[in-house]
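Undergrad: Below you will find the structure I want to go over with you.
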Amino acid sequence: MSMLYLSEPKPLGKLKKGLRTNGAFIAMLLPGLFVLLINNYIPMFGVVIAFKRYRFNKDFFTSILTSEWIGFKNFEFFFKTPQAYEVTRNTILYNFVFIALGVVIPVILAIALNELLNKRLSNFYQSIMFLPYFLSWIVVSYLAYSMLSMENGFINRNIIRALGLESVNWYSEPKYWPFILTFFQVWKYTGYNAVVYHAAISGIDSEYYESAAIDGATKWQQTRFITIPLLQPVIIIMTLLAVGRIFNADFGLFFNVPKDSGALYSVTDVIDTYVFRALRNSNSVGMASASGLYQAVIGCITVFTANFIVRKIDKEKALF
Amino acid sequence: MMARKLNKQSKLNQISATGNLLLNMLFVFITIVCIAPVILVLAISFTSEEAIRHAGYSFIPREFSTAAYDYVLKAGDAIWRAYGVSIFVTVIGTLLSLAVICMYAYPLSRSSFRARGFFSFLAYFTMIFGGGLVPWIMVYTRLFKISNTIWILIFPYLMNAWFVMIMRTFYKTTVPESIIESARIDGAGEFRTFLVIVLPLSKAGLATIGLFCTLVYWNDWYLPLMFVTERKFFNIQYLMYQTLVSIQYLTSGSAQFSEAAVVLANLPTESARMAIAIISIGPIVLAYPFFRRYFIKGLTIGAVKG
C-alpha cells in the first residue's frame, strides 16, 4: 500500500509519464494512420477534380492544382444524361428491397433455427447457410452463369427446353434481372444475417419463455411478445445503418453477376458501376468524379441522418 | 434440483414433433438452395465436353471426366501463377493488416488515452465519406505509384474501420482494465503490456479479424480490376473474371497448345472454367469447418454487442 503511495508521480513526472504512454499509443496508431492518409484522406482532397477540367500535368497534386476551374459543369453534364436518374433510381430501389428482405427472411429463419429440437441439425443448417457468404462475387457470377447461360445453362437446357419452350437469352432480357439480382443478393447474405440474429436471440434469457409457457402462452405469442420486442433494437440499428448506406450499391453484385451486359443496363446499372464505366470506357474523368462526389455527398447526408436517429434510440449503438 | 426443474420446463416449452418436422423440411429446402449452385458448378467441372455440348449443364454428369482438371493441372501456367499470387497476397496481407488493425484498435479501447475519440473518428469518418473512385485511383497511379505491383493488391486493405471497431469492442469486453492496471503498476510499458498481456487474452478476436482479413484478400478481384494490367499480377479471382469473358487467357500462356489446332479444338473449355472456380473455392471450403466457430463467436461479440 505504501509502495503504491510512493510511486504516485509528481505533477511534472505525471506529464512526462503521460507523454510516454501517449507516445506509445501514438506509435501504435502510426501504421494505421499512414494507410488512412494514403488510402482515404489524400483522395478526399481529390474531390475538387469534380469542379475542374482535369488535365494531367507532371504529378498528382500539380495536375489537380493547375487544372482549370469550371464550377458545376461536370455535374450539369452528368445530370443531363438520362442515366443520372436511372442509376440513382436503381441504386435506391434495389437497396430498399435488399434491406427489407435482409431483415424479414433472416429474422424468421433465426427464430425458426432457435426452435429446432435437434441443436446439431440447427448447427449444420447454419453452416451450410453461411457458405455463400464466403464466396466471392466472381464465383457467384460463375454460379449464375452455370444456371443462365444461353447455350448450356441448366435452366435453358434442362428446364425450359425440357418443357418444350423457347430458350431465354437471360443476359439480354432486362425484365428478369430485378429478380435475378435480388435472388443472388438474398442468397449470398441471408445465412450471414440469420446467424447474427440467431446469436442475438440465443442471448435472450430463457426464463422469459419458461414463465410465459407456464402462463399458457403459445409459441406464436412468445415470438410475438417476447422475441420480436427484444430483437427490435438490433433490427432497428442494423436497418438504419443499412439505410445510411442506401446510396452505395454492392459493386460486385451489379458488375459481375450481369456480366456487364449492355442490354441490361436499364435495370442493372447503379451509381457505382456507372462511375466505373464512365472512367474506364469513356475516360471522362470529370463526369466520373462528379457522379462519384454526388454519391459521396448524398451518402454522407443519409449516414448522418441515420446515425442521428440511431443515437436517439440507443446512444451506445450509434456509429459516432 | 433446480437445474432439473428448469430442464423439465424447457421441455414443456418445446415445439411439437410435427412443427419440428415442418421446420426441418424448410431448412432442408433452404440448405439445398444454398448449396445447389455450387454442386452444379462442381458437376460441370467433372463432365466431359462432349456431354456438355450434348445435354448442357446438369447436376449429374452424363459422362464423368476429369479432363478439365488434367488440363488445368498440366496447361494452367497462368492459373498456378494466379493461385500463387492469391496465396502470397492473402498470407502477407492478412498478417500485415492484422498487425495494423490490432495496433490501431488497442489505444482506442483504453480509457486512459485521452485522444481516443479523435482517432476513432479519423477511422470512422472513412466509412462515411470518401473522395470517390477517381481520386482514389489517381493516388495509386500518379502519387504513390504502386499499380501493377504486388503491393497494390495488399496496401489498400491494410486498414478497415469496421474491423477496428470490432477489435476495439473485443479488447474492451475480454481484457479487464484491472489486469492492464496491475501490469502498469508492475512497471510494464504500454508496448510490453500490449504484447505480453493483451494480445494473448484476445486470441479469439485475433482469429476472427484474421479470418475476416483472409476472406477480404482471398476473394478480392476489385483491386486487380482497378490497378492491374500485367498478367503476372493477376490473382485467381481476377483470372476467373477474365476467363468468364474468354477462355483464351488459359491457352495463350502455354506454348504447347498453340502448336496443334487439333488439341485446341478439344480443349475442355466449358468444364475447365468451372474447374478453376472449384479450385478457387477449395481452400475456403476446406478451412471452413475449422473457422466457422470463431467466425460466429467474433460476429456475436463484435457486431451485436458493439
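Letters A, B, ... mark the chains of the C-alpha cells in the order given; residue numbers begin at 1 per chain; ligand numbers begin at 1, in order shown.
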I need the residues in range 97-144 of chain B that are helix (DSSP H, G or I) according to DSSP; give them as an MDAnalysis selection string.
TA: chainID B and resid 97:109 116:128 133:143
Undergrad: Which of these residues is nearest to Pro132 in chain A, using only C-alpha atoms: A:Arg89, A:Lys188, A:Arg277, A:Arg120?
TA: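 Closest to Pro132 in chain A of all the choices is A:Lys188.
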Undergrad: Identify, with DSSP run on backbone atoms, the residues in range 15-217 of chain A assigned to strand (DSSP E or B), and express the list as a CSV table (one decimal) with N, CA and C atoms, in the first residue's frame.
TA:
chain,number,residue,atom,x,y,z
A,52,LYS,N,-13.4,20.7,-61.9
A,52,LYS,CA,-12.3,21.1,-62.8
A,52,LYS,C,-12.4,20.4,-64.1
A,53,ARG,N,-11.7,21.0,-65.1
A,53,ARG,CA,-11.5,20.3,-66.4
A,53,ARG,C,-10.1,19.6,-66.2
A,68,GLU,N,-8.1,23.6,-64.9
A,68,GLU,CA,-9.0,24.8,-64.9
A,68,GLU,C,-10.3,24.6,-64.1
A,69,TRP,N,-10.7,25.6,-63.3
A,69,TRP,CA,-12.0,25.5,-62.6
A,69,TRP,C,-13.1,25.7,-63.6
Undergrad: May I have the residues within 7 Å of Val139 in chain B as a PyMOL selection string, using only C-alpha atoms and disregarding those fewer than 4 positions away in the same chain?
TA: (chain A and resi 43+60) or (chain B and resi 135+143-144)
Undergrad: Could you please take those selected residues and save N, CA and C atoms as a short mmCIF file (atom, residue, chain, number, x, y, z; two decimals), in the first residue's frame?
TA:
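After the write, again17.cif holds the following:
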data_model
loop_
_atom_site.label_atom_id
_atom_site.label_comp_id
_atom_site.auth_asym_id
_atom_site.auth_seq_id
_atom_site.Cartn_x
_atom_site.Cartn_y
_atom_site.Cartn_z
N PRO A 43 -7.17 11.04 -51.13
CA PRO A 43 -8.23 11.03 -52.16
C PRO A 43 -9.35 12.03 -51.89
N PHE A 60 0.44 14.12 -59.34
CA PHE A 60 -0.91 14.11 -58.77
C PHE A 60 -1.37 15.50 -58.34
N PRO B 135 -10.29 10.08 -57.64
CA PRO B 135 -9.06 10.47 -56.93
C PRO B 135 -8.37 9.29 -56.26
N LEU B 143 0.48 9.26 -57.65
CA LEU B 143 1.19 9.82 -56.50
C LEU B 143 2.04 8.74 -55.83
N PHE B 144 1.39 7.70 -55.40
CA PHE B 144 2.02 6.63 -54.64
C PHE B 144 2.02 5.46 -55.61
#
Undergrad: When you look at range 34-48 of chain B with a cut-off of 6 Å (counting only C-alpha atoms), what residues show up, excluding the ones that are within fewer than 6 positions of it in the same chain? I need them as a list in words.
TA: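 Here the answer would be Leu143 of chain A; Phe59, Pro61, Glu63, Phe64, Ser65, Thr66, Ser271, Met274 and Ala275 of chain B.
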Undergrad: Take the residues just selected and output them with C-alpha atoms as a short mmCIF file (atom, residue, chain, number, x, y, z; two decimals), in the first residue's frame.
TA:
data_model
loop_
_atom_site.label_atom_id
_atom_site.label_comp_id
_atom_site.auth_asym_id
_atom_site.auth_seq_id
_atom_site.Cartn_x
_atom_site.Cartn_y
_atom_site.Cartn_z
CA LEU A 143 -22.78 -19.98 -60.40
CA PHE B 59 -26.38 -31.77 -61.89
CA PRO B 61 -22.55 -35.70 -65.20
CA GLU B 63 -20.22 -38.67 -68.91
CA PHE B 64 -17.83 -38.42 -65.99
CA SER B 65 -14.49 -36.92 -66.89
CA THR B 66 -11.53 -35.40 -65.12
CA SER B 271 -15.62 -27.61 -67.79
CA MET B 274 -15.83 -24.43 -63.73
CA ALA B 275 -12.82 -26.45 -62.57
#
Undergrad: Using only C-alpha atoms, which protein or nucleic acid residues come within 10 Å of Ile298 in chain A? Drop anything in the same chain fewer than 3 positions from it, and give the result as number ranges by chain.
TA: A: 244-248, 293-295, 301-304; B: 129
Undergrad: Write out, as an mmCIF file, in the first residue's frame, the residues just selected, with N, CA and C atoms.
TA:
data_model
loop_
_atom_site.group_PDB
_atom_site.id
_atom_site.type_symbol
_atom_site.label_atom_id
_atom_site.label_comp_id
_atom_site.auth_asym_id
_atom_site.auth_seq_id
_atom_site.Cartn_x
_atom_site.Cartn_y
_atom_site.Cartn_z
ATOM 1 N N GLY A 244 -28.523 4.080 -44.051
ATOM 2 C CA GLY A 244 -27.488 5.099 -44.216
ATOM 3 C C GLY A 244 -26.631 4.867 -45.447
ATOM 4 N N ARG A 245 -26.489 3.607 -45.828
ATOM 5 C CA ARG A 245 -25.637 3.299 -46.993
ATOM 6 C C ARG A 245 -26.460 3.038 -48.247
ATOM 7 N N ILE A 246 -27.664 3.587 -48.260
ATOM 8 C CA ILE A 246 -28.584 3.274 -49.357
ATOM 9 C C ILE A 246 -28.097 3.808 -50.700
ATOM 10 N N PHE A 247 -27.188 4.744 -50.663
ATOM 11 C CA PHE A 247 -26.669 5.300 -51.904
ATOM 12 C C PHE A 247 -25.460 4.534 -52.428
ATOM 13 N N ASN A 248 -24.998 3.574 -51.636
ATOM 14 C CA ASN A 248 -23.845 2.794 -52.067
ATOM 15 C C ASN A 248 -24.304 1.410 -52.477
ATOM 16 N N LEU A 293 -18.804 12.197 -56.602
ATOM 17 C CA LEU A 293 -18.962 13.142 -55.493
ATOM 18 C C LEU A 293 -20.426 13.293 -55.107
ATOM 19 N N TYR A 294 -21.284 13.298 -56.130
ATOM 20 C CA TYR A 294 -22.736 13.343 -55.883
ATOM 21 C C TYR A 294 -23.145 12.193 -54.979
ATOM 22 N N GLN A 295 -22.629 10.993 -55.296
ATOM 23 C CA GLN A 295 -22.939 9.828 -54.465
ATOM 24 C C GLN A 295 -22.379 9.984 -53.056
ATOM 25 N N ILE A 301 -24.893 12.427 -46.207
ATOM 26 C CA ILE A 301 -26.082 13.004 -45.550
ATOM 27 C C ILE A 301 -26.968 11.885 -45.000
ATOM 28 N N THR A 302 -27.202 10.835 -45.797
ATOM 29 C CA THR A 302 -28.073 9.753 -45.308
ATOM 30 C C THR A 302 -27.447 9.041 -44.101
ATOM 31 N N VAL A 303 -26.113 8.872 -44.124
ATOM 32 C CA VAL A 303 -25.478 8.215 -42.980
ATOM 33 C C VAL A 303 -25.649 9.064 -41.725
ATOM 34 N N PHE A 304 -25.425 10.385 -41.856
ATOM 35 C CA PHE A 304 -25.566 11.258 -40.698
ATOM 36 C C PHE A 304 -26.996 11.244 -40.162
ATOM 37 N N PHE B 129 -17.539 8.976 -45.481
ATOM 38 C CA PHE B 129 -17.272 9.817 -46.649
ATOM 39 C C PHE B 129 -15.976 9.381 -47.320
#
Undergrad: Which residue, A:Ile49, A:Ile204, A:Leu116, A:Val310, has the smallest gap to Met238 in chain A when you use only C-alpha atoms?
TA: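 For Met238 in chain A, the nearest of the candidates is A:Val310.
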Undergrad: I'd like the interatomic distance between CA of Leu133 in chain B and CA of Asp272 in chain A, to a tenth of an Å.
TA: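 According to the coordinates, CA of Leu133 in chain B and CA of Asp272 in chain A are separated by 8.7 Å.
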